[in-house]
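Shown here: model12.csv, CSV, C-alpha atoms and all ligand atoms.
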chain,number,residue,atom,x,y,z
A,1,MET,CA,80.2,27.1,157.4
A,2,LYS,CA,79.9,23.7,159.0
A,3,LYS,CA,77.1,25.1,161.1
A,4,LEU,CA,75.4,26.3,157.9
A,5,ILE,CA,75.7,22.9,156.2
A,6,GLY,CA,74.4,21.3,159.3
A,7,ALA,CA,71.4,23.6,159.3
A,8,ALA,CA,70.8,22.9,155.6
A,9,LEU,CA,71.0,19.2,156.2
A,10,ALA,CA,68.6,19.4,159.1
A,11,LEU,CA,66.2,21.4,157.0
A,12,THR,CA,66.4,18.8,154.2
A,13,LEU,CA,65.8,16.0,156.6
A,14,ALA,CA,62.8,17.8,158.1
A,15,ALA,CA,61.4,18.4,154.6
A,16,THR,CA,62.0,14.7,153.7
A,17,PHE,CA,60.2,13.7,156.9
A,18,VAL,CA,57.2,15.8,156.0
A,19,LEU,CA,57.0,14.4,152.5
A,20,LEU,CA,57.3,10.7,153.5
A,21,PRO,CA,54.2,8.6,153.8
A,22,SER,CA,52.8,8.8,157.3
A,23,ASP,CA,50.1,6.2,157.0
A,24,GLY,CA,49.0,3.5,154.5
A,25,GLY,CA,47.1,5.8,152.2
A,26,ALA,CA,49.7,8.6,152.1
A,27,LEU,CA,51.9,9.6,149.3
A,28,GLU,CA,55.1,11.5,148.8
A,29,ARG,CA,54.9,15.0,147.3
A,30,ARG,CA,54.0,14.6,143.7
A,31,PHE,CA,53.0,17.2,141.1
A,32,ILE,CA,50.5,16.2,138.5
A,33,ALA,CA,49.4,18.0,135.4
A,34,ILE,CA,45.9,17.6,133.9
A,35,GLY,CA,45.3,18.5,130.3
A,36,THR,CA,42.1,20.5,129.6
A,37,GLY,CA,40.9,22.6,126.7
A,38,GLY,CA,40.4,26.3,125.8
A,39,PRO,CA,40.0,28.7,128.8
A,40,THR,CA,36.3,29.4,128.0
A,41,GLY,CA,35.3,25.7,127.6
A,42,VAL,CA,34.2,23.2,130.3
A,43,TYR,CA,37.4,21.1,130.3
A,44,PHE,CA,39.3,23.9,131.8
A,45,ALA,CA,36.8,24.1,134.6
A,46,THR,CA,36.9,20.3,134.9
A,47,GLY,CA,40.6,20.1,135.4
A,48,ASN,CA,40.7,23.0,137.8
A,49,ALA,CA,37.8,21.6,139.8
A,50,ILE,CA,39.6,18.3,140.2
A,51,CYS,CA,42.8,20.1,141.3
A,52,ARG,CA,40.8,22.0,143.8
A,53,LEU,CA,39.3,18.9,145.3
A,54,ILE,CA,42.8,17.3,145.5
A,55,HIS,CA,44.2,20.3,147.3
A,56,LYS,CA,41.1,20.4,149.6
A,57,GLU,CA,41.8,16.7,150.6
A,58,ALA,CA,45.5,17.6,151.2
A,59,ALA,CA,44.5,20.5,153.4
A,60,GLU,CA,42.0,18.5,155.4
A,61,GLY,CA,44.5,15.6,155.6
A,62,ARG,CA,46.9,17.9,157.4
A,63,GLU,CA,44.3,18.2,160.2
A,64,THR,CA,43.1,14.7,160.3
A,65,GLY,CA,46.3,12.9,159.6
A,66,ARG,CA,45.2,11.3,156.4
A,67,LYS,CA,47.9,12.9,154.3
A,68,HIS,CA,48.6,12.9,150.6
A,69,GLY,CA,51.2,15.0,148.9
A,70,ILE,CA,49.7,15.5,145.5
A,71,ARG,CA,49.8,19.0,144.1
A,72,CYS,CA,48.0,19.7,140.8
A,73,SER,CA,47.8,22.1,137.9
A,74,ALA,CA,45.4,22.1,135.0
A,75,PRO,CA,46.7,24.2,132.2
A,76,SER,CA,44.6,25.2,129.1
A,77,THR,CA,45.5,23.0,126.1
A,78,GLY,CA,44.3,22.5,122.5
A,79,GLY,CA,41.8,19.8,123.6
A,80,SER,CA,41.1,16.0,123.3
A,81,THR,CA,43.4,14.6,120.6
A,82,TYR,CA,46.3,16.8,121.8
A,83,ASN,CA,45.7,15.7,125.4
A,84,ILE,CA,45.7,12.0,124.4
A,85,GLU,CA,49.1,12.3,122.7
A,86,GLN,CA,50.6,14.2,125.7
A,87,VAL,CA,49.3,11.5,128.1
A,88,ALA,CA,50.9,8.9,125.9
A,89,LYS,CA,54.2,10.7,126.0
A,90,GLY,CA,54.0,11.3,129.8
A,91,GLU,CA,53.9,15.1,129.3
A,92,LEU,CA,50.5,15.2,131.0
A,93,ASP,CA,49.6,12.8,133.8
A,94,PHE,CA,45.8,13.0,133.3
A,95,ALA,CA,43.5,14.6,130.8
A,96,VAL,CA,39.9,15.4,129.9
A,97,VAL,CA,39.1,13.9,126.5
A,98,GLN,CA,36.0,13.2,124.5
A,99,SER,CA,34.7,9.6,124.7
A,100,ASP,CA,34.8,9.1,120.9
A,101,TRP,CA,38.5,9.9,120.8
A,102,GLN,CA,39.2,7.8,123.9
A,103,PHE,CA,37.6,4.9,122.0
A,104,HIS,CA,39.6,5.4,118.8
A,105,ALA,CA,42.9,6.1,120.6
A,106,PHE,CA,42.7,2.9,122.6
A,107,LYS,CA,41.7,0.9,119.5
A,108,GLY,CA,44.2,2.6,117.3
A,109,ASP,CA,41.9,2.4,114.3
A,110,LEU,CA,41.8,6.1,113.2
A,111,PRO,CA,45.5,7.1,113.4
A,112,GLU,CA,45.0,10.0,111.0
A,113,LYS,CA,42.6,11.6,113.6
A,114,VAL,CA,44.0,10.5,116.9
A,115,ALA,CA,47.3,8.8,118.0
A,116,ALA,CA,47.0,5.0,118.8
A,117,VAL,CA,47.5,4.7,122.6
A,118,PRO,CA,46.8,1.2,123.7
A,119,THR,CA,48.1,2.2,127.2
A,120,LEU,CA,45.3,4.7,127.7
A,121,ARG,CA,43.3,4.1,130.9
A,122,THR,CA,40.0,5.5,132.1
A,123,VAL,CA,39.3,7.0,135.6
A,124,PHE,CA,35.7,8.3,135.3
A,125,SER,CA,33.5,10.2,132.9
A,126,VAL,CA,32.2,13.7,133.6
A,127,HIS,CA,29.6,15.8,131.8
A,128,PRO,CA,27.8,15.1,128.5
A,129,GLU,CA,29.1,17.1,125.5
A,130,PRO,CA,26.6,17.7,122.7
A,131,PHE,CA,28.0,18.6,119.3
A,132,HIS,CA,26.9,22.2,118.7
A,133,LEU,CA,26.4,23.6,115.2
A,134,ILE,CA,26.4,27.4,115.9
A,135,VAL,CA,25.4,29.7,113.1
A,136,ALA,CA,25.3,33.5,112.7
A,137,ARG,CA,21.9,35.1,113.4
A,138,ASP,CA,21.2,36.1,109.8
A,139,SER,CA,22.8,33.2,108.0
A,140,LYS,CA,20.3,30.9,106.2
A,141,ILE,CA,21.9,27.8,107.7
A,142,ASN,CA,19.4,25.4,109.2
A,143,SER,CA,21.1,22.1,108.7
A,144,PHE,CA,24.6,20.7,108.3
A,145,ALA,CA,24.2,20.4,104.5
A,146,ASP,CA,23.5,24.2,104.4
A,147,LEU,CA,27.2,24.8,105.3
A,148,LYS,CA,28.2,24.3,101.7
A,149,GLY,CA,29.7,27.5,100.3
A,150,LYS,CA,29.9,29.1,103.8
A,151,ARG,CA,32.8,30.2,106.0
A,152,VAL,CA,33.1,27.6,108.6
A,153,ASN,CA,35.4,27.1,111.6
A,154,ILE,CA,36.4,23.5,111.7
A,155,GLY,CA,38.5,23.9,114.9
A,156,SER,CA,42.2,23.9,115.7
A,157,PRO,CA,44.3,20.8,115.2
A,158,GLY,CA,44.5,18.9,118.4
A,159,SER,CA,40.9,19.6,119.4
A,160,GLY,CA,38.3,16.9,119.7
A,161,GLN,CA,35.9,19.4,118.2
A,162,ARG,CA,37.9,19.4,114.9
A,163,ALA,CA,38.2,15.6,114.9
A,164,THR,CA,34.4,15.1,115.4
A,165,MET,CA,33.6,17.9,112.9
A,166,LYS,CA,35.6,15.9,110.3
A,167,VAL,CA,33.6,12.7,111.1
A,168,LEU,CA,30.4,14.6,110.5
A,169,MET,CA,31.8,16.2,107.3
A,170,ASN,CA,32.7,12.7,106.0
A,171,ALA,CA,29.3,11.3,106.9
A,172,HIS,CA,27.7,14.2,104.9
A,173,GLY,CA,30.1,13.5,102.0
A,174,MET,CA,31.8,16.9,102.5
A,175,THR,CA,35.4,18.1,102.7
A,176,ALA,CA,36.8,21.4,103.7
A,177,ASP,CA,36.7,22.3,99.9
A,178,ASP,CA,33.0,22.4,100.1
A,179,PHE,CA,33.2,25.4,102.4
A,180,ARG,CA,34.0,28.9,101.0
A,181,VAL,CA,36.6,29.2,103.8
A,182,ALA,CA,37.5,26.6,106.4
A,183,THR,CA,39.2,28.3,109.4
A,184,GLU,CA,41.2,26.6,112.2
A,185,LEU,CA,40.3,29.0,115.1
A,186,THR,CA,40.5,27.9,118.7
A,187,SER,CA,37.4,27.4,120.8
A,188,THR,CA,38.2,30.8,122.5
A,189,GLU,CA,38.5,32.6,119.2
A,190,GLN,CA,35.5,31.2,117.3
A,191,SER,CA,32.6,33.0,119.0
A,192,ASN,CA,34.2,36.4,118.5
A,193,ALA,CA,34.9,35.6,114.9
A,194,LEU,CA,31.2,34.7,114.4
A,195,CYS,CA,30.0,37.9,116.1
A,196,ASP,CA,32.6,39.9,114.1
A,197,GLY,CA,31.1,38.5,110.9
A,198,LYS,CA,34.4,36.7,110.0
A,199,ILE,CA,32.8,33.3,109.8
A,200,ASP,CA,29.2,32.0,109.3
A,201,ALA,CA,29.3,28.9,111.5
A,202,TYR,CA,31.3,26.6,113.7
A,203,GLY,CA,31.0,23.1,115.1
A,204,TYR,CA,31.9,22.5,118.8
A,205,THR,CA,31.7,19.5,121.1
A,206,VAL,CA,31.3,21.0,124.6
A,207,GLY,CA,29.4,20.8,127.9
A,208,VAL,CA,26.3,22.8,128.6
A,209,PRO,CA,26.2,25.6,129.4
A,210,ASN,CA,29.5,27.4,128.9
A,211,ALA,CA,30.9,30.8,128.6
A,212,GLY,CA,32.4,30.3,125.1
A,213,VAL,CA,29.1,29.5,123.4
A,214,ALA,CA,27.3,32.3,125.4
A,215,VAL,CA,29.6,34.8,123.8
A,216,ALA,CA,28.0,34.0,120.5
A,217,THR,CA,24.4,33.1,121.5
A,218,ASP,CA,23.9,35.8,124.1
A,219,GLY,CA,26.4,38.3,122.6
A,220,CYS,CA,25.2,38.4,119.0
A,221,GLU,CA,22.1,36.2,118.8
A,222,ALA,CA,23.9,33.2,117.2
A,223,ARG,CA,21.6,30.2,116.8
A,224,ILE,CA,22.3,26.5,117.6
A,225,VAL,CA,21.0,24.3,114.9
A,226,SER,CA,19.5,20.8,115.5
A,227,LEU,CA,21.4,17.9,113.9
A,228,ASP,CA,18.9,15.0,113.9
A,229,GLY,CA,18.6,14.1,110.2
A,230,GLU,CA,19.2,10.7,108.5
A,231,VAL,CA,23.0,11.2,108.5
A,232,GLU,CA,23.2,11.8,112.2
A,233,LYS,CA,20.8,9.0,112.9
A,234,LYS,CA,23.0,6.6,111.1
A,235,LEU,CA,26.1,8.0,112.9
A,236,VAL,CA,24.5,7.3,116.3
A,237,GLU,CA,23.3,3.9,115.2
A,238,ASP,CA,26.7,2.8,114.0
A,239,ARG,CA,28.9,4.2,116.8
A,240,PRO,CA,28.7,3.1,120.4
A,241,TYR,CA,29.9,6.4,121.9
A,242,TYR,CA,27.3,8.6,120.2
A,243,ALA,CA,23.9,9.2,121.6
A,244,PHE,CA,21.2,11.8,120.8
A,245,THR,CA,20.9,14.5,123.4
A,246,LYS,CA,19.2,17.8,123.9
A,247,ILE,CA,20.4,21.3,124.6
A,248,PRO,CA,17.4,22.4,126.6
A,249,GLU,CA,15.2,25.4,125.8
A,250,GLY,CA,16.3,28.4,127.7
A,251,THR,CA,19.9,27.4,128.1
A,252,TYR,CA,21.1,30.4,126.1
A,253,GLN,CA,19.2,33.6,125.0
A,254,THR,CA,18.5,32.1,121.5
A,255,THR,CA,17.6,28.6,122.6
A,256,ASP,CA,13.8,29.3,122.4
A,257,GLU,CA,13.2,25.5,121.9
A,258,ASP,CA,15.1,22.3,122.7
A,259,VAL,CA,17.9,21.7,120.2
A,260,THR,CA,18.4,18.0,119.3
A,261,THR,CA,21.8,16.8,118.4
A,262,PHE,CA,24.2,13.9,118.9
A,263,GLY,CA,26.9,14.0,121.6
A,264,VAL,CA,29.6,12.2,123.5
A,265,MET,CA,30.9,12.3,127.1
A,266,ALA,CA,33.8,14.2,128.6
A,267,THR,CA,36.0,11.5,130.2
A,268,PHE,CA,39.0,11.6,132.6
A,269,VAL,CA,41.9,9.5,131.5
A,270,THR,CA,45.5,8.6,132.3
A,271,ASN,CA,48.2,6.3,131.2
A,272,GLU,CA,48.7,2.7,132.2
A,273,ASP,CA,52.0,3.4,133.9
A,274,MET,CA,50.6,6.1,136.2
A,275,ASP,CA,51.1,5.2,139.9
A,276,GLU,CA,48.2,3.3,141.3
A,277,ALA,CA,48.4,5.2,144.6
A,278,VAL,CA,48.1,8.6,142.7
A,279,VAL,CA,45.2,7.5,140.6
A,280,TYR,CA,43.5,6.2,143.8
A,281,GLU,CA,44.0,9.5,145.6
A,282,VAL,CA,42.7,11.6,142.7
A,283,THR,CA,39.7,9.3,142.3
A,284,ARG,CA,39.0,9.4,146.0
A,285,ALA,CA,39.4,13.2,146.2
A,286,VAL,CA,36.7,13.6,143.4
A,287,MET,CA,34.3,11.0,144.7
A,288,GLU,CA,34.4,11.9,148.4
A,289,ASN,CA,33.8,15.5,147.5
A,290,ILE,CA,31.2,15.0,144.7
A,291,ASP,CA,28.8,17.6,146.2
A,292,ASP,CA,31.5,20.2,146.0
A,293,PHE,CA,32.3,19.2,142.5
A,294,ARG,CA,28.7,19.6,141.4
A,295,LYS,CA,28.8,23.2,142.6
A,296,LEU,CA,31.9,24.2,140.7
A,297,HIS,CA,30.3,24.5,137.2
A,298,PRO,CA,26.6,24.3,136.1
A,299,ALA,CA,27.6,21.5,133.6
A,300,PHE,CA,28.5,19.4,136.7
A,301,ALA,CA,25.2,19.9,138.6
A,302,THR,CA,23.8,16.5,138.0
A,303,LEU,CA,27.0,14.4,138.2
A,304,ASP,CA,26.3,10.9,139.6
A,305,PRO,CA,29.2,8.6,140.6
A,306,LYS,CA,27.3,5.5,139.4
A,307,GLU,CA,27.1,7.0,135.9
A,308,MET,CA,30.6,8.4,136.1
A,309,ILE,CA,32.0,4.9,136.3
A,310,ALA,CA,29.8,3.5,133.6
A,311,LYS,CA,29.2,6.0,130.8
A,312,GLY,CA,31.6,6.8,128.0
A,313,LEU,CA,34.4,4.5,129.2
A,314,SER,CA,35.8,2.2,126.5
A,315,ALA,CA,39.5,1.9,127.4
A,316,PRO,CA,40.1,-0.3,130.5
A,317,MET,CA,39.8,1.3,133.9
A,318,HIS,CA,43.1,2.2,135.7
A,319,PRO,CA,43.6,-0.2,138.6
A,320,GLY,CA,44.0,2.7,141.1
A,321,ALA,CA,40.5,3.9,140.2
A,322,GLU,CA,39.1,0.4,140.3
A,323,LYS,CA,40.5,-0.1,143.7
A,324,TYR,CA,38.5,2.8,145.1
A,325,TYR,CA,35.3,1.8,143.3
A,326,LYS,CA,35.6,-1.7,144.6
A,327,GLU,CA,36.1,-0.5,148.2
A,328,LYS,CA,32.9,1.5,147.8
A,329,GLY,CA,31.1,-1.5,146.5
A,330,TRP,CA,30.3,0.3,143.2
A,331,MET,CA,32.0,-2.4,141.1
B,401,LIG,N1,35.5,18.7,123.6
B,401,LIG,C1,36.4,19.8,123.2
B,401,LIG,C2,37.7,19.3,122.6
B,401,LIG,O1,38.1,18.2,122.9
B,401,LIG,C3,36.8,20.7,124.4
B,401,LIG,C4,35.6,21.2,125.1
B,401,LIG,C5,35.9,22.0,126.3
B,401,LIG,O2,37.0,22.7,126.4
B,401,LIG,O3,35.1,22.0,127.3
B,401,LIG,O4,38.2,19.9,121.7

Would you put the structure from the file into structure tokens?
Ligand code: GLU
Amino acid sequence: MKKLIGAALALTLAATFVLLPSDGGALERRFIAIGTGGPTGVYFATGNAICRLIHKEAAEGRETGRKHGIRCSAPSTGGSTYNIEQVAKGELDFAVVQSDWQFHAFKGDLPEKVAAVPTLRTVFSVHPEPFHLIVARDSKINSFADLKGKRVNIGSPGSGQRATMKVLMNAHGMTADDFRVATELTSTEQSNALCDGKIDAYGYTVGVPNAGVAVATDGCEARIVSLDGEVEKKLVEDRPYYAFTKIPEGTYQTTDEDVTTFGVMATFVTNEDMDEAVVYEVTRAVMENIDDFRKLHPAFATLDPKEMIAKGLSAPMHPGAEKYYKEKGWM
């Protein structure tokens, strides 16, 4: 028995030894969770790409001696506003969130749409997310105003898609009552619902291209409608986080010309109280392996670190990220 306890103790000690920092930049074993979005969107790919780079650094570190003990998972979630709330509660360590909801969460000025989180901190931004209005092939919908009297998916509660759709509805002087039916389907359900004839349209803020949208455009010839009228122009003029953008011709089977719409950025955030060393290592893993990152999803193909630390960030930057950018001379 004594022998057994002794062996167990030795094992524990050995494990502790492995987990302890072995150089200045190293960290004890630490599990982090990154909030993403629906499994067919780009956030899910973003979170999992980041985990992959973190694990790659850990594996390489085992050979070169530059060890960190961070292990990572990036589960599917409801999207931006859910993620922000969970980061505030400490249930998620990091999350991918839309730049518009990052802005309002930090300011705390739209509590009915997103929780006020003054402790929200930015790490970097990722890909642009145009707001897509996707309509059934044979529907006569050619503008946002045409949604009146139609069956429209406004998105599930907790999604950034839903919150941004509501902003657009307000700007057009519309409420859910103006639609024949307003559904609350998830980003994964909505394309099939459109192809099955259960809804006429949905609004979705998402990176380009992605599998979820392709189910509708390539699967049942759904169209993406331009949103560049007076109402959208005023939205973009009035709000710092919106910009006009294009979904290029040829992106999907039915994009036979450029679609012009407004959009936001996908951003990577954490909470003020997250360990500086963890944020530093996560930032480092992404930036040192940016070429690998670009290859992990077509929406990441043109990522540029200089833009990633400048665009779409309205909450203050976390000191752990800032430390890395300063070392690189980027700030
Ligand atoms: N922007 C969407 C949201 O916050 C998620 C998009 C995605 O999953 O890529 O609801």

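The spacing separating CA of Thr81 (chain A) from CA of Ala201 (chain A) amounts to 22.0 Å.
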
Can you measure atom O3 of ligand LIG 401 (chain B) to CA of Thr40 (chain A) for me? One decimal in Å is fine. 7.5 Å

Write out as a Markdown table a residue-level contact list of region 141-193 of chain A versus region 91-105 of chain A with cut-off 10 Å: for each qualifying residue the closest pair of atoms and the distance in Å to one decimal, counting all atoms listed in the file, rows sorted by chain and residue number upward.
| residue | atom | partner | partner_atom | distance |
| --- | --- | --- | --- | --- |
| A:Ser159 | CA | A:Val97 | CA | 9.3 |
| A:Gly160 | CA | A:Gln98 | CA | 6.5 |
| A:Gln161 | CA | A:Gln98 | CA | 8.8 |
| A:Ala163 | CA | A:Trp101 | CA | 8.2 |
| A:Thr164 | CA | A:Asp100 | CA | 8.1 |

Using only C-alpha atoms, which protein or nucleic acid residues come within 12 Å of Thr119 (chain A)? Drop anything in the same chain fewer than 3 positions from it, and give the result as a PyMOL selection string. chain A and resi 84-85+87-90+102+105-108+115-116+122+269-274+315-318

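Coordinates place CA of Val225 (chain A) at a distance of 10.9 Å from CA of Arg137 (chain A).
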
Dump the neighbourhood of ligand LIG 401 (chain B) as a list of chain:residue names: all residues within 7 Å, distances computed on all atoms listed in the file. A:Thr36, A:Gly37, A:Gly38, A:Thr40, A:Gly41, A:Val42, A:Tyr43, A:Phe44, A:Gly78, A:Gly79, A:Ser80, A:Thr81, A:Val97, A:Gln98, A:Glu129, A:Ser159, A:Gly160, A:Gln161, A:Arg162, A:Tyr204, A:Thr205, A:Val206, A:Gly207, A:Ala266

Would you tabulate, counting only C-alpha atoms, all residues of region 113-168 of chain A that have an atom at most 10 Å from an atom of region 231-254 of chain A, showing the closest pair of atoms and their distance in Å to one decimal, sorted by chain then ascending number, as JSON lines?
{"residue": "A:Pro128", "atom": "CA", "partner": "A:Thr245", "partner_atom": "CA", "distance": 8.6}
{"residue": "A:Glu129", "atom": "CA", "partner": "A:Thr245", "partner_atom": "CA", "distance": 8.9}
{"residue": "A:Pro130", "atom": "CA", "partner": "A:Thr245", "partner_atom": "CA", "distance": 6.6}
{"residue": "A:Phe131", "atom": "CA", "partner": "A:Thr245", "partner_atom": "CA", "distance": 9.2}
{"residue": "A:His132", "atom": "CA", "partner": "A:Ile247", "partner_atom": "CA", "distance": 8.8}
{"residue": "A:Arg137", "atom": "CA", "partner": "A:Thr254", "partner_atom": "CA", "distance": 9.3}
{"residue": "A:Phe144", "atom": "CA", "partner": "A:Val231", "partner_atom": "CA", "distance": 9.6}
{"residue": "A:Val167", "atom": "CA", "partner": "A:Leu235", "partner_atom": "CA", "distance": 9.0}
{"residue": "A:Leu168", "atom": "CA", "partner": "A:Glu232", "partner_atom": "CA", "distance": 7.9}

Would you kindly return, as an NGL selection string, each protein, DNA or RNA residue with an atom no farther than 10 Å from any atom of Ile290 (chain A), considering all atoms listed in the file and excluding same-chain residues fewer than 6 positions away? :A and (53 or 284 or 300-301 or 303-305)

Selection file, C-alpha atoms, as a compact mmCIF listing (two decimals), in the coordinates of the input:
# COMPACT_ATOMS: atom_id res chain seq x y z
CA LEU A 53 39.30 18.90 145.30
CA ARG A 284 39.00 9.40 146.00
CA PHE A 300 28.50 19.40 136.70
CA ALA A 301 25.20 19.90 138.60
CA LEU A 303 27.00 14.40 138.20
CA ASP A 304 26.30 10.90 139.60
CA PRO A 305 29.20 8.60 140.60

I'd like the contact shell of Lys326 (chain A) - 12 Å cut-off, all atoms listed in the file, skipping same-chain residues fewer than 6 positions apart - returned as JSON, numbers by chain. {"A": [280, 283, 284, 309, 317, 319, 320]}

Using C-alpha atoms, can you export the residues from the last selection as a short mmCIF file (atom, residue, chain, number, x, y, z; two decimals), keeping the file's coordinate frame?
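File written: result-v6.cif
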data_model
loop_
_atom_site.label_atom_id
_atom_site.label_comp_id
_atom_site.auth_asym_id
_atom_site.auth_seq_id
_atom_site.Cartn_x
_atom_site.Cartn_y
_atom_site.Cartn_z
CA TYR A 280 43.50 6.20 143.80
CA THR A 283 39.70 9.30 142.30
CA ARG A 284 39.00 9.40 146.00
CA ILE A 309 32.00 4.90 136.30
CA MET A 317 39.80 1.30 133.90
CA PRO A 319 43.60 -0.20 138.60
CA GLY A 320 44.00 2.70 141.10
#

Surrounding residues of Cys220 (chain A) excluding itself and chain neighbours under 3 positions, 7 Å, only C-alpha atoms, as a CSV table (one decimal) with C-alpha atoms, in the frame of the given file:
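Writing done, so here's around.csv:
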chain,number,residue,atom,x,y,z
A,195,CYS,CA,30.0,37.9,116.1
A,216,ALA,CA,28.0,34.0,120.5
A,217,THR,CA,24.4,33.1,121.5

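Among the candidates A:Val152, A:Cys51, A:Met265, A:Ala59, the one nearest to Thr183 (chain A) when counting only C-alpha atoms is A:Val152.
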
For Lys323 (chain A), the closest of A:Met174, A:Ala182, A:Ala49, A:Val123 counting all atoms listed in the file is A:Val123

For region 28-42 of chain A, which lacks atoms in the input, supply N, CA, C and O atoms and format the output as a PDB file, in the frame of the given file.
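Saved result, out17.pdb, follows:
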ATOM      1  N   GLU A  28      54.107  10.476 148.862  1.00  0.00           N
ATOM      2  CA  GLU A  28      55.100  11.500 148.800  1.00  0.00           C
ATOM      3  C   GLU A  28      54.610  12.679 147.984  1.00  0.00           C
ATOM      4  O   GLU A  28      53.717  12.513 147.171  1.00  0.00           O
ATOM      5  N   ARG A  29      55.267  13.828 148.134  1.00  0.00           N
ATOM      6  CA  ARG A  29      54.900  15.000 147.300  1.00  0.00           C
ATOM      7  C   ARG A  29      55.015  14.652 145.852  1.00  0.00           C
ATOM      8  O   ARG A  29      56.011  14.107 145.419  1.00  0.00           O
ATOM      9  N   ARG A  30      53.995  14.987 145.117  1.00  0.00           N
ATOM     10  CA  ARG A  30      54.000  14.600 143.700  1.00  0.00           C
ATOM     11  C   ARG A  30      53.187  15.669 142.950  1.00  0.00           C
ATOM     12  O   ARG A  30      52.099  16.036 143.384  1.00  0.00           O
ATOM     13  N   PHE A  31      53.747  16.182 141.893  1.00  0.00           N
ATOM     14  CA  PHE A  31      53.000  17.200 141.100  1.00  0.00           C
ATOM     15  C   PHE A  31      52.401  16.499 139.887  1.00  0.00           C
ATOM     16  O   PHE A  31      53.069  15.736 139.198  1.00  0.00           O
ATOM     17  N   ILE A  32      51.141  16.768 139.666  1.00  0.00           N
ATOM     18  CA  ILE A  32      50.500  16.200 138.500  1.00  0.00           C
ATOM     19  C   ILE A  32      49.931  17.313 137.611  1.00  0.00           C
ATOM     20  O   ILE A  32      49.526  18.367 138.106  1.00  0.00           O
ATOM     21  N   ALA A  33      49.931  17.066 136.302  1.00  0.00           N
ATOM     22  CA  ALA A  33      49.400  18.000 135.400  1.00  0.00           C
ATOM     23  C   ALA A  33      48.185  17.372 134.647  1.00  0.00           C
ATOM     24  O   ALA A  33      48.280  16.224 134.205  1.00  0.00           O
ATOM     25  N   ILE A  34      47.080  18.126 134.592  1.00  0.00           N
ATOM     26  CA  ILE A  34      45.900  17.600 133.900  1.00  0.00           C
ATOM     27  C   ILE A  34      45.641  18.441 132.655  1.00  0.00           C
ATOM     28  O   ILE A  34      45.538  19.667 132.719  1.00  0.00           O
ATOM     29  N   GLY A  35      45.540  17.771 131.526  1.00  0.00           N
ATOM     30  CA  GLY A  35      45.300  18.500 130.300  1.00  0.00           C
ATOM     31  C   GLY A  35      43.794  18.815 130.151  1.00  0.00           C
ATOM     32  O   GLY A  35      42.931  18.003 130.493  1.00  0.00           O
ATOM     33  N   THR A  36      43.506  20.026 129.665  1.00  0.00           N
ATOM     34  CA  THR A  36      42.100  20.500 129.600  1.00  0.00           C
ATOM     35  C   THR A  36      41.757  20.878 128.161  1.00  0.00           C
ATOM     36  O   THR A  36      41.925  20.101 127.238  1.00  0.00           O
ATOM     37  N   GLY A  37      41.266  22.100 127.992  1.00  0.00           N
ATOM     38  CA  GLY A  37      40.900  22.600 126.700  1.00  0.00           C
ATOM     39  C   GLY A  37      41.060  24.130 126.705  1.00  0.00           C
ATOM     40  O   GLY A  37      41.837  24.651 127.505  1.00  0.00           O
ATOM     41  N   GLY A  38      40.311  24.833 125.876  1.00  0.00           N
ATOM     42  CA  GLY A  38      40.400  26.300 125.800  1.00  0.00           C
ATOM     43  C   GLY A  38      39.864  26.907 127.136  1.00  0.00           C
ATOM     44  O   GLY A  38      39.026  26.297 127.801  1.00  0.00           O
ATOM     45  N   PRO A  39      40.337  28.105 127.490  1.00  0.00           N
ATOM     46  CA  PRO A  39      40.000  28.700 128.800  1.00  0.00           C
ATOM     47  C   PRO A  39      38.454  29.027 128.932  1.00  0.00           C
ATOM     48  O   PRO A  39      37.982  29.163 130.053  1.00  0.00           O
ATOM     49  N   THR A  40      37.704  29.108 127.831  1.00  0.00           N
ATOM     50  CA  THR A  40      36.300  29.400 128.000  1.00  0.00           C
ATOM     51  C   THR A  40      35.400  28.141 127.908  1.00  0.00           C
ATOM     52  O   THR A  40      34.177  28.212 128.005  1.00  0.00           O
ATOM     53  N   GLY A  41      36.040  26.974 127.727  1.00  0.00           N
ATOM     54  CA  GLY A  41      35.300  25.700 127.600  1.00  0.00           C
ATOM     55  C   GLY A  41      35.031  25.119 129.013  1.00  0.00           C
ATOM     56  O   GLY A  41      35.309  25.747 130.045  1.00  0.00           O
ATOM     57  N   VAL A  42      34.521  23.891 129.034  1.00  0.00           N
ATOM     58  CA  VAL A  42      34.200  23.200 130.300  1.00  0.00           C
ATOM     59  C   VAL A  42      35.370  22.328 130.773  1.00  0.00           C
ATOM     60  O   VAL A  42      35.513  22.073 131.957  1.00  0.00           O
TER      61      VAL A  42
END
